[in-house]
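Data block for start02.txt (compact mmCIF, C-alpha atoms):
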```txt
# COMPACT_ATOMS: atom_id res chain seq x y z
CA MET G 35 84.90 -27.19 -61.46
CA ASN G 36 81.91 -28.48 -63.42
CA ILE G 37 83.15 -28.81 -67.01
CA LEU G 38 81.24 -29.28 -70.29
CA ILE G 39 82.96 -30.79 -73.34
CA VAL G 40 81.27 -30.75 -76.77
CA ASP G 41 83.11 -32.15 -79.81
CA ASP G 42 81.92 -34.46 -82.57
CA THR G 43 85.36 -36.12 -82.68
CA GLU G 44 85.41 -38.77 -79.97
CA VAL G 45 89.21 -38.84 -79.56
CA ASN G 46 89.20 -35.13 -78.69
CA VAL G 47 86.45 -35.67 -76.14
CA VAL G 48 88.34 -38.53 -74.50
CA LEU G 49 91.58 -36.53 -74.32
CA LEU G 50 89.94 -33.45 -72.80
CA GLN G 51 87.86 -35.59 -70.46
CA GLU G 52 90.82 -37.53 -69.07
CA VAL G 53 92.94 -34.41 -68.45
CA CYS G 54 90.08 -32.60 -66.70
CA LYS G 55 89.23 -35.63 -64.55
CA LYS G 56 92.85 -36.07 -63.49
CA LYS G 57 92.78 -32.46 -62.26
CA GLY G 58 89.80 -33.39 -60.08
CA HIS G 59 87.05 -31.72 -62.10
CA HIS G 60 83.57 -33.11 -62.83
CA VAL G 61 83.07 -33.60 -66.58
CA THR G 62 79.97 -33.86 -68.78
CA SER G 63 80.62 -34.51 -72.47
CA PHE G 64 78.54 -34.68 -75.67
CA LEU G 65 79.31 -35.58 -79.27
CA ASN G 66 76.13 -33.83 -80.44
CA PRO G 67 75.85 -30.10 -79.62
CA LEU G 68 72.04 -30.32 -79.62
CA ASP G 69 72.28 -32.65 -76.61
CA ALA G 70 74.47 -30.06 -74.90
CA VAL G 71 71.87 -27.34 -75.51
CA GLU G 72 69.24 -29.54 -73.87
CA SER G 73 71.49 -30.15 -70.86
CA LEU G 74 71.77 -26.38 -70.26
CA GLN G 75 68.14 -26.36 -69.13
CA ASN G 76 68.98 -28.28 -65.96
CA ASN G 77 72.73 -27.86 -65.48
CA GLN G 78 75.25 -25.08 -64.92
CA TYR G 79 78.87 -25.28 -66.00
CA ASP G 80 81.93 -23.36 -64.86
CA VAL G 81 83.91 -24.07 -68.05
CA ALA G 82 82.90 -25.30 -71.51
CA PHE G 83 85.31 -26.67 -74.14
CA ILE G 84 83.51 -26.23 -77.47
CA ASP G 85 84.63 -27.46 -80.88
CA TYR G 86 84.00 -25.03 -83.75
CA MET G 87 83.30 -27.39 -86.66
CA MET G 88 80.33 -29.65 -85.87
CA PRO G 89 77.64 -30.77 -88.35
CA GLN G 90 74.53 -30.20 -86.24
CA MET G 91 75.51 -26.76 -84.88
CA ASP G 92 78.74 -24.76 -85.03
CA GLY G 93 80.63 -23.86 -81.86
CA ILE G 94 79.88 -20.13 -82.06
CA THR G 95 76.13 -20.77 -81.99
CA LEU G 96 76.56 -23.15 -79.08
CA ILE G 97 78.57 -20.56 -77.14
CA GLU G 98 75.69 -18.10 -77.65
CA HIS G 99 73.32 -20.67 -76.12
CA ILE G 100 75.67 -21.22 -73.18
CA LYS G 101 76.05 -17.50 -72.47
CA LYS G 102 72.28 -17.03 -72.55
CA SER G 103 71.94 -19.85 -70.02
CA ASP G 104 74.75 -18.59 -67.76
CA GLU G 105 76.88 -15.64 -68.89
CA GLU G 106 79.52 -16.48 -66.29
CA THR G 107 80.41 -19.84 -67.88
CA MET G 108 83.95 -19.58 -69.24
CA CYS G 109 83.90 -20.78 -72.85
CA VAL G 110 87.04 -22.19 -74.48
CA MET G 111 86.73 -22.62 -78.24
CA VAL G 112 88.67 -25.51 -79.79
CA THR G 113 89.79 -24.47 -83.28
CA ALA G 114 92.70 -24.37 -85.71
CA ALA G 115 95.38 -21.83 -84.75
CA ASN G 116 95.16 -19.85 -88.02
CA GLU G 117 91.40 -19.25 -88.01
CA ASN G 118 91.57 -15.59 -86.92
CA GLU G 119 88.21 -14.63 -88.42
CA VAL G 120 86.56 -17.47 -86.54
CA LYS G 121 88.26 -16.40 -83.31
CA ILE G 122 87.01 -12.83 -83.62
CA LYS G 123 83.44 -14.07 -84.18
CA ALA G 124 83.85 -16.40 -81.20
CA LEU G 125 84.97 -13.52 -78.97
CA GLU G 126 81.93 -11.52 -80.05
CA ALA G 127 79.74 -14.50 -79.11
CA GLY G 128 81.34 -14.65 -75.65
CA ALA G 129 84.37 -16.95 -75.96
CA ASN G 130 86.97 -16.35 -73.24
CA GLU G 131 89.85 -18.56 -74.37
CA PHE G 132 90.99 -20.68 -77.32
CA LEU G 133 92.50 -24.17 -77.54
CA SER G 134 94.42 -24.91 -80.72
CA LYS G 135 94.14 -28.05 -82.84
CA PRO G 136 95.78 -30.51 -82.76
CA ILE G 137 95.08 -30.53 -79.04
CA ASP G 138 98.13 -30.44 -76.78
CA ILE G 139 97.89 -31.64 -73.16
CA SER G 140 100.11 -28.84 -71.83
CA GLU G 141 97.86 -26.25 -73.48
CA ILE G 142 94.79 -27.86 -71.89
CA MET G 143 96.49 -27.48 -68.49
CA ILE G 144 97.16 -23.77 -69.16
CA ARG G 145 93.54 -23.17 -70.12
CA LEU G 146 92.32 -24.97 -66.97
CA ASN G 147 94.65 -22.87 -64.79
CA ASN G 148 93.44 -19.66 -66.45
CA ALA G 149 89.84 -20.74 -65.93
CA THR G 150 90.48 -21.44 -62.26
CA LYS G 151 91.98 -17.97 -61.74
CA LEU G 152 89.10 -16.24 -63.52
CA ILE G 153 86.38 -18.17 -61.70
CA GLU G 154 88.05 -17.68 -58.31
CA ALA G 155 88.34 -13.93 -58.98
CA ASN G 156 84.64 -13.71 -59.91
CA LYS G 157 83.59 -15.71 -56.85
CA LEU G 158 85.80 -13.54 -54.63
CA THR G 159 84.15 -10.41 -55.96
CA LYS G 160 80.63 -11.80 -55.50
CA GLU G 161 81.27 -12.99 -51.97
CA TYR G 162 82.83 -9.68 -51.09
CA ASN G 163 79.81 -7.80 -52.41
CA LYS G 164 77.47 -9.89 -50.25
CA THR G 165 79.63 -9.21 -47.21
CA LEU G 166 79.57 -5.49 -47.92
CA LYS G 167 75.76 -5.40 -47.99
CA SER G 168 75.27 -7.35 -44.76
CA GLU G 169 77.99 -5.90 -42.56
CA VAL G 170 78.49 -2.28 -43.61
CA LYS G 171 76.69 -0.84 -40.55
CA GLU G 172 78.32 -3.17 -38.08
CA ALA G 173 81.96 -2.99 -39.15
CA THR G 174 82.57 -0.03 -41.46
CA LYS G 175 86.29 0.23 -40.92
CA MET G 176 86.87 -3.48 -41.38
CA LEU G 177 84.90 -3.42 -44.64
CA VAL G 178 86.81 -0.43 -45.99
CA ASP G 179 90.08 -2.24 -45.29
CA ALA G 180 88.66 -5.32 -46.99
CA GLN G 181 87.73 -3.19 -50.02
CA TYR G 182 91.29 -2.10 -50.51
CA GLU G 183 92.51 -5.65 -50.00
CA SER G 184 90.13 -7.10 -52.56
CA LEU G 185 91.10 -4.41 -55.06
CA ALA G 186 94.74 -5.33 -54.54
CA VAL G 187 93.92 -8.99 -55.20
CA LEU G 188 91.94 -8.22 -58.35
CA SER G 189 94.54 -5.79 -59.70
CA THR G 190 97.25 -8.44 -59.46
CA VAL G 191 95.29 -10.90 -61.60
CA ALA G 192 96.20 -9.09 -64.82
CA GLU G 193 99.77 -8.62 -63.62
CA TYR G 194 100.21 -12.36 -63.17
CA ARG G 195 99.26 -12.77 -66.82
CA ASP G 196 101.88 -10.22 -67.91
CA GLU G 197 105.12 -10.32 -65.94
CA ASP G 198 106.59 -7.29 -67.72
CA THR G 199 104.28 -4.89 -65.85
CA HIS G 200 104.85 -5.89 -62.21
CA LEU G 201 104.60 -2.34 -60.78
CA HIS G 202 102.65 -0.85 -63.66
CA THR G 203 99.34 -0.61 -61.79
CA LYS G 204 100.99 0.92 -58.71
CA ARG G 205 102.64 3.68 -60.76
CA VAL G 206 99.46 4.36 -62.72
CA SER G 207 97.50 4.70 -59.45
CA HIS G 208 99.96 7.24 -58.03
CA TYR G 209 100.22 9.22 -61.28
CA SER G 210 96.41 9.35 -61.52
CA LYS G 211 95.97 10.58 -57.94
CA LEU G 212 98.56 13.34 -58.45
CA ILE G 213 96.76 14.59 -61.58
CA ALA G 214 93.38 14.44 -59.79
CA MET G 215 94.73 16.28 -56.73
CA HIS G 216 96.35 19.11 -58.73
CA SER G 217 93.23 19.40 -60.91
CA GLY G 218 91.26 20.46 -57.82
CA LEU G 219 89.13 17.33 -57.49
CA ASP G 220 87.91 16.60 -53.96
CA GLU G 221 89.64 14.09 -51.69
CA GLU G 222 86.91 11.47 -52.10
CA THR G 223 87.33 11.54 -55.89
CA GLN G 224 91.12 11.42 -55.55
CA ASP G 225 90.77 8.35 -53.34
CA LEU G 226 88.31 6.75 -55.78
CA ILE G 227 90.64 7.26 -58.75
CA PHE G 228 93.69 6.06 -56.81
CA TYR G 229 92.18 2.69 -55.91
CA ALA G 230 89.91 2.11 -58.92
CA SER G 231 92.64 2.90 -61.46
CA SER G 232 94.43 -0.27 -60.35
CA LEU G 233 91.69 -2.20 -62.20
CA HIS G 234 92.18 -0.47 -65.57
CA ASP G 235 93.71 -3.58 -67.21
CA ILE G 236 91.70 -6.26 -65.36
CA GLY G 237 90.11 -7.24 -68.68
CA LYS G 238 93.45 -8.61 -69.89
CA ILE G 239 92.68 -11.87 -68.12
CA GLY G 240 90.25 -12.49 -70.98
CA VAL G 241 92.91 -12.03 -73.69
CA PRO G 242 94.53 -15.24 -75.03
CA ASP G 243 98.13 -15.88 -73.93
CA GLY G 244 99.44 -15.96 -77.48
CA ILE G 245 98.36 -12.34 -77.97
CA LEU G 246 98.91 -10.89 -74.50
CA LEU G 247 102.41 -12.35 -74.13
CA LYS G 248 103.51 -12.03 -77.77
CA PRO G 249 107.12 -10.68 -77.77
CA ALA G 250 106.52 -8.66 -80.94
CA LYS G 251 104.14 -6.14 -82.45
CA LEU G 252 100.59 -7.44 -82.81
CA THR G 253 98.98 -7.98 -86.19
CA ASP G 254 95.82 -6.03 -87.03
CA ASP G 255 93.63 -9.05 -86.21
CA GLU G 256 95.47 -9.64 -82.94
CA PHE G 257 95.09 -5.98 -81.98
CA VAL G 258 91.33 -6.24 -82.54
CA ILE G 259 91.28 -9.02 -79.96
CA MET G 260 93.60 -7.14 -77.58
CA LYS G 261 91.28 -4.12 -77.65
CA LYS G 262 88.52 -6.33 -76.25
CA HIS G 263 90.17 -6.05 -72.78
CA ALA G 264 88.47 -2.67 -72.30
CA THR G 265 84.95 -4.08 -72.65
CA ILE G 266 85.88 -7.31 -70.85
CA GLY G 267 87.01 -5.29 -67.81
CA ASP G 268 83.79 -3.27 -67.87
CA THR G 269 81.69 -6.44 -68.10
CA MET G 270 83.50 -8.01 -65.15
CA LEU G 271 82.94 -5.06 -62.81
CA LYS G 272 79.95 -2.97 -63.90
CA ASP G 273 77.23 -4.98 -62.13
CA PHE G 274 78.77 -4.55 -58.67
CA THR G 275 76.97 -1.26 -58.11
CA GLN G 276 77.13 -1.45 -54.30
CA ASN G 277 80.93 -1.09 -54.39
CA LYS G 278 81.94 2.36 -55.60
CA TYR G 279 85.52 1.25 -56.32
CA LEU G 280 84.44 -1.64 -58.55
CA LYS G 281 81.90 0.60 -60.29
CA ALA G 282 84.57 3.25 -60.92
CA GLY G 283 86.97 0.50 -62.00
CA ALA G 284 84.47 -0.57 -64.65
CA THR G 285 84.26 2.98 -65.98
CA ILE G 286 88.03 3.37 -66.05
CA ALA G 287 88.57 -0.05 -67.68
CA LEU G 288 86.10 0.88 -70.42
CA THR G 289 87.30 4.44 -71.16
CA HIS G 290 91.05 4.66 -70.53
CA HIS G 291 91.83 3.92 -74.20
CA GLU G 292 89.41 6.52 -75.58
CA LYS G 293 91.05 9.62 -77.11
CA PHE G 294 90.03 13.25 -76.67
CA ASN G 295 89.71 13.67 -80.45
CA GLY G 296 87.42 10.66 -80.79
CA GLU G 297 89.96 8.32 -82.40
CA GLY G 298 90.29 5.89 -79.46
CA TYR G 299 88.50 2.68 -78.58
CA PRO G 300 86.25 0.83 -77.88
CA TYR G 301 83.52 3.36 -78.78
CA GLY G 302 85.33 6.35 -80.27
CA LEU G 303 84.06 8.73 -77.58
CA LYS G 304 85.13 12.35 -77.89
CA GLY G 305 85.88 15.19 -75.44
CA ASP G 306 83.51 15.37 -72.50
CA GLU G 307 81.80 12.16 -73.61
CA ILE G 308 84.74 10.43 -71.92
CA ASP G 309 84.46 10.12 -68.14
CA ILE G 310 87.08 12.32 -66.41
CA MET G 311 88.46 9.30 -64.54
CA GLY G 312 89.16 7.62 -67.87
CA GLN G 313 90.75 10.82 -69.21
CA ILE G 314 93.09 11.06 -66.21
CA VAL G 315 94.05 7.39 -66.18
CA ALA G 316 94.71 7.54 -69.94
CA ILE G 317 97.54 10.01 -69.30
CA ALA G 318 98.97 7.95 -66.44
CA ASP G 319 98.73 4.69 -68.38
CA VAL G 320 100.36 5.98 -71.57
CA PHE G 321 103.18 7.71 -69.69
CA ASP G 322 104.00 4.49 -67.87
CA ALA G 323 103.77 2.45 -71.08
CA LEU G 324 106.16 4.82 -72.86
CA THR G 325 108.73 4.87 -70.04
CA SER G 326 108.66 1.11 -69.39
CA VAL G 327 110.46 -1.72 -71.19
CA ARG G 328 108.26 -4.08 -73.18
CA PRO G 329 109.17 -7.25 -75.14
CA TYR G 330 108.64 -5.30 -78.36
CA LYS G 331 110.28 -1.95 -77.41
CA ASN G 332 112.78 -0.15 -75.19
CA ALA G 333 111.75 2.37 -72.55
CA TRP G 334 111.55 6.00 -73.64
CA ASP G 335 113.59 8.68 -71.90
CA THR G 336 111.26 10.63 -69.58
CA ASP G 337 111.97 13.96 -71.32
CA LYS G 338 110.96 12.42 -74.65
CA ALA G 339 107.77 11.10 -73.02
CA PHE G 340 106.85 14.53 -71.63
CA ASP G 341 107.43 16.06 -75.09
CA PHE G 342 105.02 13.47 -76.51
CA PHE G 343 102.27 14.76 -74.21
CA LYS G 344 102.89 18.34 -75.36
CA GLU G 345 102.36 17.17 -78.94
CA GLU G 346 99.26 15.10 -78.13
CA SER G 347 97.49 17.70 -75.96
CA GLY G 348 94.03 18.19 -77.41
CA LYS G 349 94.46 15.15 -79.65
CA HIS G 350 94.94 11.99 -77.61
CA PHE G 351 94.59 13.73 -74.25
CA ASN G 352 92.40 16.33 -72.57
CA PRO G 353 94.45 19.60 -72.76
CA PHE G 354 93.49 20.67 -69.20
CA PHE G 355 94.63 17.45 -67.54
CA THR G 356 97.67 17.28 -69.83
CA GLN G 357 98.83 20.72 -68.69
CA ILE G 358 98.35 19.70 -65.06
CA PHE G 359 100.45 16.61 -65.73
CA LEU G 360 103.24 18.68 -67.33
CA ASN G 361 103.15 21.19 -64.46
CA ILE G 362 103.86 18.49 -61.86
CA LYS G 363 106.73 16.84 -63.72
CA ASP G 364 108.91 16.68 -60.58
CA GLU G 365 106.23 14.83 -58.58
CA ILE G 366 105.60 12.44 -61.46
CA LEU G 367 109.31 11.65 -61.69
CA GLU G 368 109.44 11.03 -57.93
CA VAL G 369 106.82 8.29 -58.33
CA TYR G 370 108.66 6.98 -61.42
CA ASN G 371 111.91 6.62 -59.45
CA THR G 372 110.27 5.25 -56.30
CA TYR G 373 108.39 2.38 -57.96
CA LYS G 374 110.79 1.19 -60.65
CA ASP G 375 110.42 -2.44 -61.79
```

As a first step, turn the structure in this file into structure tokens.
Amino acid sequence: MNILIVDDTEVNVVLLQEVCKKKGHHVTSFLNPLDAVESLQNNQYDVAFIDYMMPQMDGITLIEHIKKSDEETMCVMVTAANENEVKIKALEAGANEFLSKPIDISEIMIRLNNATKLIEANKLTKEYNKTLKSEVKEATKMLVDAQYESLAVLSTVAEYRDEDTHLHTKRVSHYSKLIAMHSGLDEETQDLIFYASSLHDIGKIGVPDGILLKPAKLTDDEFVIMKKHATIGDTMLKDFTQNKYLKAGATIALTHHEKFNGEGYPYGLKGDEIDIMGQIVAIADVFDALTSVRPYKNAWDTDKAFDFFKEESGKHFNPFFTQIFLNIKDEILEVYNTYKD
């Protein structure tokens, strides 16, 4: 990878530089952020390690410059671990990861590995999209098979970040298709929801490890950051308009945490403002979350989970789809028992 390092403390620059070079990456470093801004005119970077506190320009402003130059550059902000307000502002500016001070070599390695996964996933998606455009007439069946394969690859990215949800996406896909089928949606839409729903949590690859893997309830500030995964997933997928599965995946990623009564996130959409795919996947996702073990909770009994949906019909969930879900309890439980972790 082509890596940019900007920090006004020379020892930090040297440490980051040596670790990155030993991993085989090409490194460009600056002590003055204004020099880095100038370099953006003629250079592109895969990853940028940016210090927050610098006299000439703070790291958040520099990240904004980098994202304007190339929005795909993965920005890692180097800052003190307790600066939550700074981190939230950095995320809004486009930061993807954080590196805590004092800098630890093992943490640098983790950030580099995360960056590699993210960049490889983005490149895979782009290359696939080019292939789809050029070969669709010549090899339709082969491309359709490749679509499903690429979706499977992308859907596992988030799972590798969170080992507690190994079969989560598979169960959510099956639950969603059952609800779509019994709601009377056509086979093409059922197929679209089945495959695209596997991407509902793809945005979690942009959530810092300390929050995503925290074995306890998140603080309010941490939850604000966690909620960003909905918009991150949408941003990752929405521009691939030639691939209907990726386009639908963007919609589902963005809307599956909205609530029917308007109290969800990220935009507080209400009722029919929420895409029906997002409404369906919301039911599937919450049911699986309730009935699965997490580091911070035990799994609910399935009867208790179904009672929860009766209570939340018309509040959290669309009452029509909720009733469909309750009507097919036996089929839902068959999926639940077939794909247990």

Nearest to Ser134 (chain G) by atom-to-atom distance, counting only C-alpha atoms, from G:Gln313, G:Thr253, G:Asn118, G:Thr203:
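The closest residue to Ser134 (chain G) is G:Asn118.
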
Could you tell me which of G:Ser232, G:Asp255, G:Val45, G:Asn332 comes closest to Lys123 (chain G) if we count all atoms listed in the file?
G:Asp255

Under the rule that only C-alpha atoms are counted, which of G:Val327, G:Thr95, G:Ala114, G:Asp80 is the nearest residue to Pro249 (chain G)?
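Looking only at the distances to Pro249 (chain G), the closest residue turns out to be G:Val327.
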
G:Glu141, G:Glu297, G:Glu106, G:Glu346 ranked by distance to Ile153 (chain G), top pick (using all atoms listed in the file)
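Selected residue with least distance to Ile153 (chain G): G:Glu106.
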
I want to know what sits within 10 Å of Val47 (chain G), based on all atoms listed in the file, with residues of the same chain fewer than 3 positions away left out; could you give that as a tab-separated table (two decimals) with C-alpha atoms, in the coordinates of the input?
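Contents of part.tsv, freshly written:
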```tsv
chain	number	residue	atom	x	y	z
G	39	ILE	CA	82.96	-30.79	-73.34
G	40	VAL	CA	81.27	-30.75	-76.77
G	41	ASP	CA	83.11	-32.15	-79.81
G	42	ASP	CA	81.92	-34.46	-82.57
G	43	THR	CA	85.36	-36.12	-82.68
G	44	GLU	CA	85.41	-38.77	-79.97
G	50	LEU	CA	89.94	-33.45	-72.80
G	51	GLN	CA	87.86	-35.59	-70.46
G	52	GLU	CA	90.82	-37.53	-69.07
G	62	THR	CA	79.97	-33.86	-68.78
G	63	SER	CA	80.62	-34.51	-72.47
G	64	PHE	CA	78.54	-34.68	-75.67
G	65	LEU	CA	79.31	-35.58	-79.27
G	83	PHE	CA	85.31	-26.67	-74.14
G	84	ILE	CA	83.51	-26.23	-77.47
G	85	ASP	CA	84.63	-27.46	-80.88
```

Separation of CA of Leu360 (chain G) and CA of Glu221 (chain G), in Å?
21.2 Å

Box dimensions and centre (Å, one decimal) enclosing region 54-57 of chain G, axis-aligned, 6 Å extra per side, as lines of an AutoDock Vina configuration file:
```
center_x = 91.0
center_y = -34.3
center_z = -64.5
size_x = 15.6
size_y = 15.6
size_z = 16.4
```

Can I get region 42-54 of chain G with N, CA and C atoms filled in, as a PDB file, keeping the file's coordinate frame?
```pdb
ATOM      1  N   ASP G  42      82.434 -33.306 -81.845  1.00  0.00           N
ATOM      2  CA  ASP G  42      81.920 -34.460 -82.570  1.00  0.00           C
ATOM      3  C   ASP G  42      83.010 -35.485 -82.899  1.00  0.00           C
ATOM      4  N   THR G  43      84.262 -35.169 -82.510  1.00  0.00           N
ATOM      5  CA  THR G  43      85.360 -36.120 -82.680  1.00  0.00           C
ATOM      6  C   THR G  43      85.638 -36.781 -81.336  1.00  0.00           C
ATOM      7  N   GLU G  44      85.365 -38.074 -81.254  1.00  0.00           N
ATOM      8  CA  GLU G  44      85.410 -38.770 -79.970  1.00  0.00           C
ATOM      9  C   GLU G  44      86.801 -38.738 -79.332  1.00  0.00           C
ATOM     10  N   VAL G  45      87.863 -38.819 -80.137  1.00  0.00           N
ATOM     11  CA  VAL G  45      89.210 -38.840 -79.560  1.00  0.00           C
ATOM     12  C   VAL G  45      89.517 -37.533 -78.839  1.00  0.00           C
ATOM     13  N   ASN G  46      89.008 -36.421 -79.366  1.00  0.00           N
ATOM     14  CA  ASN G  46      89.200 -35.130 -78.690  1.00  0.00           C
ATOM     15  C   ASN G  46      88.457 -35.099 -77.366  1.00  0.00           C
ATOM     16  N   VAL G  47      87.251 -35.626 -77.368  1.00  0.00           N
ATOM     17  CA  VAL G  47      86.450 -35.670 -76.140  1.00  0.00           C
ATOM     18  C   VAL G  47      87.165 -36.494 -75.072  1.00  0.00           C
ATOM     19  N   VAL G  48      87.663 -37.646 -75.459  1.00  0.00           N
ATOM     20  CA  VAL G  48      88.340 -38.530 -74.500  1.00  0.00           C
ATOM     21  C   VAL G  48      89.581 -37.853 -73.918  1.00  0.00           C
ATOM     22  N   LEU G  49      90.366 -37.193 -74.777  1.00  0.00           N
ATOM     23  CA  LEU G  49      91.580 -36.530 -74.320  1.00  0.00           C
ATOM     24  C   LEU G  49      91.257 -35.411 -73.332  1.00  0.00           C
ATOM     25  N   LEU G  50      90.329 -34.543 -73.695  1.00  0.00           N
ATOM     26  CA  LEU G  50      89.940 -33.450 -72.800  1.00  0.00           C
ATOM     27  C   LEU G  50      89.358 -33.992 -71.500  1.00  0.00           C
ATOM     28  N   GLN G  51      88.533 -35.000 -71.623  1.00  0.00           N
ATOM     29  CA  GLN G  51      87.860 -35.590 -70.460  1.00  0.00           C
ATOM     30  C   GLN G  51      88.869 -36.157 -69.466  1.00  0.00           C
ATOM     31  N   GLU G  52      89.843 -36.888 -69.962  1.00  0.00           N
ATOM     32  CA  GLU G  52      90.820 -37.530 -69.070  1.00  0.00           C
ATOM     33  C   GLU G  52      91.683 -36.490 -68.355  1.00  0.00           C
ATOM     34  N   VAL G  53      92.113 -35.453 -69.082  1.00  0.00           N
ATOM     35  CA  VAL G  53      92.940 -34.410 -68.450  1.00  0.00           C
ATOM     36  C   VAL G  53      92.156 -33.683 -67.375  1.00  0.00           C
ATOM     37  N   CYS G  54      90.916 -33.327 -67.676  1.00  0.00           N
ATOM     38  CA  CYS G  54      90.080 -32.600 -66.700  1.00  0.00           C
ATOM     39  C   CYS G  54      89.800 -33.456 -65.464  1.00  0.00           C
TER      40      CYS G  54
END
```
